[in-house]
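Here's the structure, in structure tokens; my notes come after.
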Amino acid sequence: MFDDRTDAGERLAAELRRRDVEADVVLGIPRGALPVARPVADALDAEFDVVVASKIGAPGNPELAIGAVASDGSVWLNDRLVERLGVSEEYVERERRAEAEYAADKARRYRDRGKIPDLEGQRAVVVDDGLATGATARACLRQVREAGAARVVLALPVASPESLEEVRAEADEVIALQTPVNFRAVGQFYREFGQVADEEAIRYLQDEG
């Protein structure tokens, strides 16, 4: 159990240093990952920024992610789930456009113009507070890769074992402190797991660490 997201970030930072992971930039996935990613960026002496994506929900069940799209339009779709549910191409494209715009709006709240930092040739560590379906993380990793990062690491306090294996293809290295077989939801492994408001998350970006 992690006490809270800051505790998880400190433990994750210690593990990355133990593994001699080097980073030019640490990217947290808003909002919940910002308290986790801040200690990681400080420990690795790296620039701290965000990478933003939004889930694409299934028809009639928005909580069921059939994919996700990043603020630059980078998209990941669960093709097997899309086919099994019989989701139309028109629905996917309509939701992709809507969620891409939502993600872009969100990115603009966190940084000037909403643009991801220049990642060409950079070593990037993407941090989330946990991995459930992996949809959002995959879209974010694709955005980072397409932005030209030379090396991409995904770092997590806790992850679903199945989703972790599926997301490995999107990064050069994936590090998770815990991969419990009884995984049901990220929050079950935190004593405190409240919502992180945008204002609070932005303060982590402004903090010099």
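Residue names in the structure tokens use chain letters A, B, ... in the order shown, residue numbers from 1 in each chain, and ligand numbers from 1 in the order shown.
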Compile the contact shell of Glu120 of chain A as a list of chain:residue names: residues with an atom at most 9 Å away, counting only C-alpha atoms, same-chain residues fewer than 6 positions apart removed.
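After dropping sequence-adjacent residues, the list is A:Ala147, A:Gly148, A:Ala149, A:Ala150.
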Shell of 8 Å around Leu154 of chain A, only C-alpha atoms, local chain residues under 6 positions omitted, as a list of chain:residue names
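Counting only the stated atoms, we get A:Val125, A:Val126, A:Val127, A:Leu141, A:Ala171, A:Glu173, A:Val174, A:Ile175.
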Please extract the residues of segment 166-204 of chain A with a backbone DSSP assignment of strand (DSSP E or B) and present them as JSON, numbers by chain.
{"A": [173, 174, 175, 176, 177, 178, 190]}
Saved selection, atoms kept: all heavy atoms, as a PDB file, in the first residue's frame:
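Output below, filename part-v1.pdb:
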```pdb
ATOM      1  N   GLU A 173      11.272   0.785 -22.206  1.00  0.00           N
ATOM      2  CA  GLU A 173      11.336   0.107 -20.905  1.00  0.00           C
ATOM      3  C   GLU A 173      10.092   0.478 -20.108  1.00  0.00           C
ATOM      4  O   GLU A 173       9.642   1.617 -20.168  1.00  0.00           O
ATOM      5  CB  GLU A 173      12.590   0.523 -20.141  1.00  0.00           C
ATOM      6  CG  GLU A 173      12.801  -0.231 -18.835  1.00  0.00           C
ATOM      7  CD  GLU A 173      14.106   0.133 -18.141  1.00  0.00           C
ATOM      8  OE1 GLU A 173      14.806   1.046 -18.627  1.00  0.00           O
ATOM      9  OE2 GLU A 173      14.421  -0.490 -17.110  1.00  0.00           O
ATOM     10  N   VAL A 174       9.554  -0.492 -19.405  1.00  0.00           N
ATOM     11  CA  VAL A 174       8.404  -0.261 -18.532  1.00  0.00           C
ATOM     12  C   VAL A 174       8.776  -0.727 -17.135  1.00  0.00           C
ATOM     13  O   VAL A 174       9.223  -1.867 -16.950  1.00  0.00           O
ATOM     14  CB  VAL A 174       7.153  -1.008 -19.031  1.00  0.00           C
ATOM     15  CG1 VAL A 174       5.990  -0.791 -18.065  1.00  0.00           C
ATOM     16  CG2 VAL A 174       6.763  -0.542 -20.430  1.00  0.00           C
ATOM     17  N   ILE A 175       8.603   0.154 -16.157  1.00  0.00           N
ATOM     18  CA  ILE A 175       8.962  -0.150 -14.769  1.00  0.00           C
ATOM     19  C   ILE A 175       7.738   0.050 -13.895  1.00  0.00           C
ATOM     20  O   ILE A 175       7.126   1.118 -13.897  1.00  0.00           O
ATOM     21  CB  ILE A 175      10.104   0.765 -14.290  1.00  0.00           C
ATOM     22  CG1 ILE A 175      11.364   0.526 -15.135  1.00  0.00           C
ATOM     23  CG2 ILE A 175      10.398   0.533 -12.803  1.00  0.00           C
ATOM     24  CD1 ILE A 175      12.459   1.550 -14.905  1.00  0.00           C
ATOM     25  N   ALA A 176       7.362  -0.988 -13.162  1.00  0.00           N
ATOM     26  CA  ALA A 176       6.252  -0.909 -12.212  1.00  0.00           C
ATOM     27  C   ALA A 176       6.706  -1.480 -10.879  1.00  0.00           C
ATOM     28  O   ALA A 176       7.279  -2.576 -10.838  1.00  0.00           O
ATOM     29  CB  ALA A 176       5.036  -1.666 -12.729  1.00  0.00           C
ATOM     30  N   LEU A 177       6.457  -0.743  -9.792  1.00  0.00           N
ATOM     31  CA  LEU A 177       6.869  -1.223  -8.477  1.00  0.00           C
ATOM     32  C   LEU A 177       6.075  -2.453  -8.062  1.00  0.00           C
ATOM     33  O   LEU A 177       6.611  -3.362  -7.434  1.00  0.00           O
ATOM     34  CB  LEU A 177       6.679  -0.119  -7.430  1.00  0.00           C
ATOM     35  CG  LEU A 177       7.492   1.165  -7.618  1.00  0.00           C
ATOM     36  CD1 LEU A 177       7.229   2.121  -6.462  1.00  0.00           C
ATOM     37  CD2 LEU A 177       8.976   0.855  -7.740  1.00  0.00           C
ATOM     38  N   GLN A 178       4.780  -2.474  -8.409  1.00  0.00           N
ATOM     39  CA  GLN A 178       3.914  -3.582  -8.016  1.00  0.00           C
ATOM     40  C   GLN A 178       3.051  -4.011  -9.198  1.00  0.00           C
ATOM     41  O   GLN A 178       2.516  -3.166  -9.922  1.00  0.00           O
ATOM     42  CB  GLN A 178       2.997  -3.172  -6.857  1.00  0.00           C
ATOM     43  CG  GLN A 178       3.722  -2.755  -5.586  1.00  0.00           C
ATOM     44  CD  GLN A 178       2.756  -2.322  -4.496  1.00  0.00           C
ATOM     45  OE1 GLN A 178       1.569  -2.625  -4.539  1.00  0.00           O
ATOM     46  NE2 GLN A 178       3.266  -1.597  -3.512  1.00  0.00           N
ATOM     47  N   TYR A 190      -3.737   2.493  -2.716  1.00  0.00           N
ATOM     48  CA  TYR A 190      -3.414   3.759  -2.055  1.00  0.00           C
ATOM     49  C   TYR A 190      -4.314   3.922  -0.842  1.00  0.00           C
ATOM     50  O   TYR A 190      -5.526   3.731  -0.936  1.00  0.00           O
ATOM     51  CB  TYR A 190      -3.663   4.942  -2.993  1.00  0.00           C
ATOM     52  CG  TYR A 190      -2.662   5.114  -4.109  1.00  0.00           C
ATOM     53  CD1 TYR A 190      -2.751   4.350  -5.273  1.00  0.00           C
ATOM     54  CD2 TYR A 190      -1.641   6.061  -4.022  1.00  0.00           C
ATOM     55  CE1 TYR A 190      -1.852   4.523  -6.312  1.00  0.00           C
ATOM     56  CE2 TYR A 190      -0.741   6.250  -5.052  1.00  0.00           C
ATOM     57  CZ  TYR A 190      -0.855   5.475  -6.203  1.00  0.00           C
ATOM     58  OH  TYR A 190       0.042   5.655  -7.229  1.00  0.00           O
TER      59      TYR A 190
END
```
Do a neighbour search on segment 36-51 of chain A at 7 Å with only C-alpha atoms, toss out local chain neighbours closer than 6 positions, and write the hits as an NGL selection string.
:A and (5-6 or 8-10 or 12-13 or 22-30 or 116 or 127 or 129 or 140 or 204-205 or 209)
Atoms kept (C-alpha atoms) for selection, written as a compact mmCIF listing (two decimals), in the first residue's frame:
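Dumped to part-v1.txt:
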```txt
# COMPACT_ATOMS: atom_id res chain seq x y z
CA ARG A 5 0.56 9.72 -4.53
CA THR A 6 3.57 11.60 -3.13
CA ALA A 8 4.28 6.47 -4.42
CA GLY A 9 6.35 9.02 -6.35
CA GLU A 10 9.16 8.97 -3.80
CA LEU A 12 9.19 5.18 -7.67
CA ALA A 13 11.96 7.77 -7.82
CA GLU A 22 18.52 8.75 -16.83
CA ALA A 23 16.05 11.32 -18.13
CA ASP A 24 16.11 14.70 -19.79
CA VAL A 25 12.39 15.19 -19.18
CA VAL A 26 9.76 13.58 -16.94
CA LEU A 27 6.19 13.77 -18.23
CA GLY A 28 3.25 13.27 -15.88
CA ILE A 29 -0.22 12.34 -17.17
CA PRO A 30 -2.71 14.83 -15.67
CA ILE A 116 4.43 19.23 -25.79
CA VAL A 127 4.76 8.67 -15.25
CA ASP A 129 -0.25 6.94 -10.83
CA CYS A 140 0.59 9.35 -24.38
CA TYR A 204 3.25 20.65 -9.00
CA LEU A 205 4.43 21.87 -12.40
CA GLY A 209 11.14 20.78 -6.28
```
So that I can check the surroundings of segment 58-74 of chain A, please list as a JSON list (two decimals) with N, CA and C atoms, in the first residue's frame every protein, DNA and RNA residue that reaches within 7 Å of it, counting only C-alpha atoms and ignoring chain neighbours fewer than 6 positions away.
```
[["chain", "number", "residue", "atom", "x", "y", "z"],
["A", 52, "VAL", "N", -0.70, 14.74, -22.34],
["A", 52, "VAL", "CA", -2.14, 14.67, -22.08],
["A", 52, "VAL", "C", -2.84, 13.77, -23.09],
["A", 81, "LEU", "N", -11.66, -4.98, -28.94],
["A", 81, "LEU", "CA", -12.87, -4.54, -28.24],
["A", 81, "LEU", "C", -13.80, -3.80, -29.19],
["A", 82, "VAL", "N", -13.25, -2.97, -30.05],
["A", 82, "VAL", "CA", -14.05, -2.26, -31.04],
["A", 82, "VAL", "C", -14.82, -3.25, -31.92],
["A", 96, "ARG", "N", -13.07, 10.36, -31.57],
["A", 96, "ARG", "CA", -11.64, 10.67, -31.62],
["A", 96, "ARG", "C", -11.44, 12.18, -31.76],
["A", 99, "GLU", "N", -12.52, 13.93, -28.37],
["A", 99, "GLU", "CA", -11.61, 13.71, -27.25],
["A", 99, "GLU", "C", -10.23, 14.33, -27.52],
["A", 100, "ALA", "N", -9.83, 14.39, -28.79],
["A", 100, "ALA", "CA", -8.57, 15.06, -29.11],
["A", 100, "ALA", "C", -8.65, 16.54, -28.78],
["A", 101, "GLU", "N", -9.79, 17.16, -29.08],
["A", 101, "GLU", "CA", -9.97, 18.57, -28.76],
["A", 101, "GLU", "C", -10.03, 18.78, -27.25],
["A", 103, "ALA", "N", -8.53, 16.91, -25.02],
["A", 103, "ALA", "CA", -7.16, 16.74, -24.54],
["A", 103, "ALA", "C", -6.32, 17.97, -24.85],
["A", 104, "ALA", "N", -6.52, 18.55, -26.03],
["A", 104, "ALA", "CA", -5.77, 19.76, -26.40],
["A", 104, "ALA", "C", -6.14, 20.92, -25.48],
["A", 107, "ALA", "N", -4.42, 20.36, -22.23],
["A", 107, "ALA", "CA", -2.99, 20.66, -22.33],
["A", 107, "ALA", "C", -2.74, 22.15, -22.26],
["A", 135, "ALA", "N", -5.11, 2.40, -21.69],
["A", 135, "ALA", "CA", -5.50, 3.14, -22.89],
["A", 135, "ALA", "C", -4.84, 4.52, -22.92],
["A", 136, "THR", "N", -4.99, 5.28, -21.85],
["A", 136, "THR", "CA", -4.43, 6.63, -21.81],
["A", 136, "THR", "C", -2.91, 6.61, -21.92],
["A", 139, "ALA", "N", -1.75, 6.08, -25.59],
["A", 139, "ALA", "CA", -1.86, 7.27, -26.43],
["A", 139, "ALA", "C", -0.76, 8.27, -26.09],
["A", 140, "CYS", "N", -0.48, 8.43, -24.80],
["A", 140, "CYS", "CA", 0.59, 9.35, -24.38],
["A", 140, "CYS", "C", 1.95, 8.88, -24.87],
["A", 142, "ARG", "N", 2.61, 7.09, -27.45],
["A", 142, "ARG", "CA", 2.69, 7.29, -28.89],
["A", 142, "ARG", "C", 2.99, 8.75, -29.23],
["A", 143, "GLN", "N", 2.38, 9.67, -28.48],
["A", 143, "GLN", "CA", 2.66, 11.08, -28.71],
["A", 143, "GLN", "C", 4.13, 11.39, -28.43]]
```
Just want the 10 Å neighbourhood of Glu200 of chain A, counted on only C-alpha atoms, with same-chain residues fewer than 2 positions away dropped. Output as a VMD selection string.
chain A and resid 31 to 32 34 to 35 195 to 198 202 to 205
Selection above as a file: C-alpha atoms, as a PDB file, in the first residue's frame:
```pdb
ATOM      1  CA  ARG A  31      -4.176  15.035 -13.276  1.00  0.00           C
ATOM      2  CA  GLY A  32      -3.489  12.182 -10.901  1.00  0.00           C
ATOM      3  CA  LEU A  34       1.440  14.981 -11.210  1.00  0.00           C
ATOM      4  CA  PRO A  35       2.025  14.344  -7.456  1.00  0.00           C
ATOM      5  CA  GLN A 195      -9.203  13.449  -6.956  1.00  0.00           C
ATOM      6  CA  VAL A 196      -6.467  15.904  -7.934  1.00  0.00           C
ATOM      7  CA  ALA A 197      -7.877  19.247  -9.092  1.00  0.00           C
ATOM      8  CA  ASP A 198      -6.348  21.054 -12.068  1.00  0.00           C
ATOM      9  CA  ILE A 202      -0.570  22.867 -11.998  1.00  0.00           C
ATOM     10  CA  ARG A 203       1.129  23.787  -8.724  1.00  0.00           C
ATOM     11  CA  TYR A 204       3.251  20.649  -8.999  1.00  0.00           C
ATOM     12  CA  LEU A 205       4.433  21.872 -12.404  1.00  0.00           C
TER      13      LEU A 205
END
```
I need the alpha helix (DSSP H) residues of segment 12-166 of chain A per DSSP on the backbone, written as a PyMOL selection string.
chain A and resi 12-18+34-44+79-85+89-110+135-146+161-166
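All residues of protein, DNA or RNA that reach within 12 Å of segment 181-187 of chain A, judged by only C-alpha atoms and not counting those fewer than 5 positions away in the chain, are Met1, Phe2, Asp3, Asp4, Arg5, Ala8, Gly32, Ala33, Asp128, Asp129, Gly130, Leu131, Ala132, Thr133, Gly134, Leu156, Pro157, Val158, Ala159, Ser160, Pro161, Glu162, Ser163, Leu164, Glu192, Phe193, Gly194 and Gln195 of chain A.
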Could those residues be written to a file, using N, CA and C atoms, as a short mmCIF file (atom, residue, chain, number, x, y, z; two decimals), in the first residue's frame?
```cif
data_model
loop_
_atom_site.label_atom_id
_atom_site.label_comp_id
_atom_site.auth_asym_id
_atom_site.auth_seq_id
_atom_site.Cartn_x
_atom_site.Cartn_y
_atom_site.Cartn_z
N MET A 1 0.84 -1.20 0.00
CA MET A 1 0.00 0.00 0.00
C MET A 1 0.87 1.25 0.00
N PHE A 2 0.49 2.22 -0.81
CA PHE A 2 1.13 3.54 -0.78
C PHE A 2 0.28 4.44 0.11
N ASP A 3 0.94 5.31 0.87
CA ASP A 3 0.19 6.24 1.71
C ASP A 3 -0.65 7.18 0.83
N ASP A 4 -0.01 7.75 -0.18
CA ASP A 4 -0.68 8.66 -1.10
C ASP A 4 0.18 8.74 -2.36
N ARG A 5 -0.17 9.63 -3.27
CA ARG A 5 0.56 9.72 -4.53
C ARG A 5 2.00 10.22 -4.33
N ALA A 8 4.05 7.33 -3.26
CA ALA A 8 4.28 6.47 -4.42
C ALA A 8 5.37 7.04 -5.31
N GLY A 32 -3.93 12.97 -12.04
CA GLY A 32 -3.49 12.18 -10.90
C GLY A 32 -2.02 11.87 -10.85
N ALA A 33 -1.33 11.90 -11.98
CA ALA A 33 0.09 11.52 -11.98
C ALA A 33 1.02 12.64 -11.56
N ASP A 128 2.63 7.68 -14.64
CA ASP A 128 1.22 7.71 -14.27
C ASP A 128 1.09 7.19 -12.85
N ASP A 129 -0.09 7.41 -12.21
CA ASP A 129 -0.25 6.94 -10.83
C ASP A 129 -0.61 5.46 -10.77
N GLY A 130 -0.86 4.85 -11.92
CA GLY A 130 -1.15 3.42 -12.00
C GLY A 130 -1.65 3.08 -13.39
N LEU A 131 -1.65 1.80 -13.69
CA LEU A 131 -2.07 1.34 -15.02
C LEU A 131 -3.20 0.33 -14.86
N ALA A 132 -4.38 0.73 -15.34
CA ALA A 132 -5.54 -0.17 -15.32
C ALA A 132 -5.73 -0.76 -16.71
N THR A 133 -6.47 -0.09 -17.59
CA THR A 133 -6.62 -0.58 -18.97
C THR A 133 -5.40 -0.26 -19.81
N GLY A 134 -4.69 0.82 -19.49
CA GLY A 134 -3.52 1.22 -20.26
C GLY A 134 -3.84 2.08 -21.47
N LEU A 156 5.65 3.42 -13.26
CA LEU A 156 4.36 3.31 -12.56
C LEU A 156 4.55 2.76 -11.15
N PRO A 157 3.78 3.26 -10.19
CA PRO A 157 3.80 2.62 -8.87
C PRO A 157 3.15 1.24 -8.89
N VAL A 158 2.04 1.09 -9.63
CA VAL A 158 1.29 -0.16 -9.63
C VAL A 158 0.63 -0.34 -10.99
N ALA A 159 0.47 -1.61 -11.39
CA ALA A 159 -0.11 -1.87 -12.71
C ALA A 159 -0.80 -3.22 -12.74
N SER A 160 -1.83 -3.30 -13.54
CA SER A 160 -2.45 -4.58 -13.86
C SER A 160 -1.43 -5.41 -14.64
N PRO A 161 -1.15 -6.65 -14.22
CA PRO A 161 -0.15 -7.46 -14.94
C PRO A 161 -0.48 -7.62 -16.42
N GLU A 162 -1.76 -7.82 -16.75
CA GLU A 162 -2.15 -8.02 -18.14
C GLU A 162 -1.93 -6.76 -18.95
N SER A 163 -2.37 -5.63 -18.45
CA SER A 163 -2.21 -4.37 -19.17
C SER A 163 -0.74 -3.99 -19.30
N LEU A 164 0.04 -4.31 -18.28
CA LEU A 164 1.47 -4.00 -18.31
C LEU A 164 2.15 -4.72 -19.47
N GLU A 192 -4.72 6.86 0.56
CA GLU A 192 -5.41 8.10 0.19
C GLU A 192 -5.30 8.27 -1.31
N PHE A 193 -6.47 8.35 -1.97
CA PHE A 193 -6.48 8.41 -3.44
C PHE A 193 -7.59 9.34 -3.91
N GLY A 194 -7.59 10.55 -3.38
CA GLY A 194 -8.61 11.52 -3.77
C GLY A 194 -8.35 12.10 -5.15
N GLN A 195 -9.36 12.78 -5.67
CA GLN A 195 -9.20 13.45 -6.96
C GLN A 195 -8.18 14.59 -6.83
#
```
Grab the atom CA of Arg97 of chain A to atom CA of Ala53 of chain A distance for me, in Å with one decimal place.
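Between these atoms lies a distance of 12.2 Å.
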As a check of understanding: the span from atom CA of Arg17 of chain A to atom CA of Thr179 of chain A is 19.6 Å
For Arg191 of chain A, the nearest of the candidates A:Asp7, A:Glu146, A:Glu165, A:Glu89, counting only C-alpha atoms:
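That would be A:Asp7, the residue with the smallest distance to Arg191 of chain A.
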Interatomic distance (Å, one decimal) between atom CA of Glu166 of chain A and atom CA of Val153 of chain A:
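Distance reported for this atom pair: 14.6 Å.
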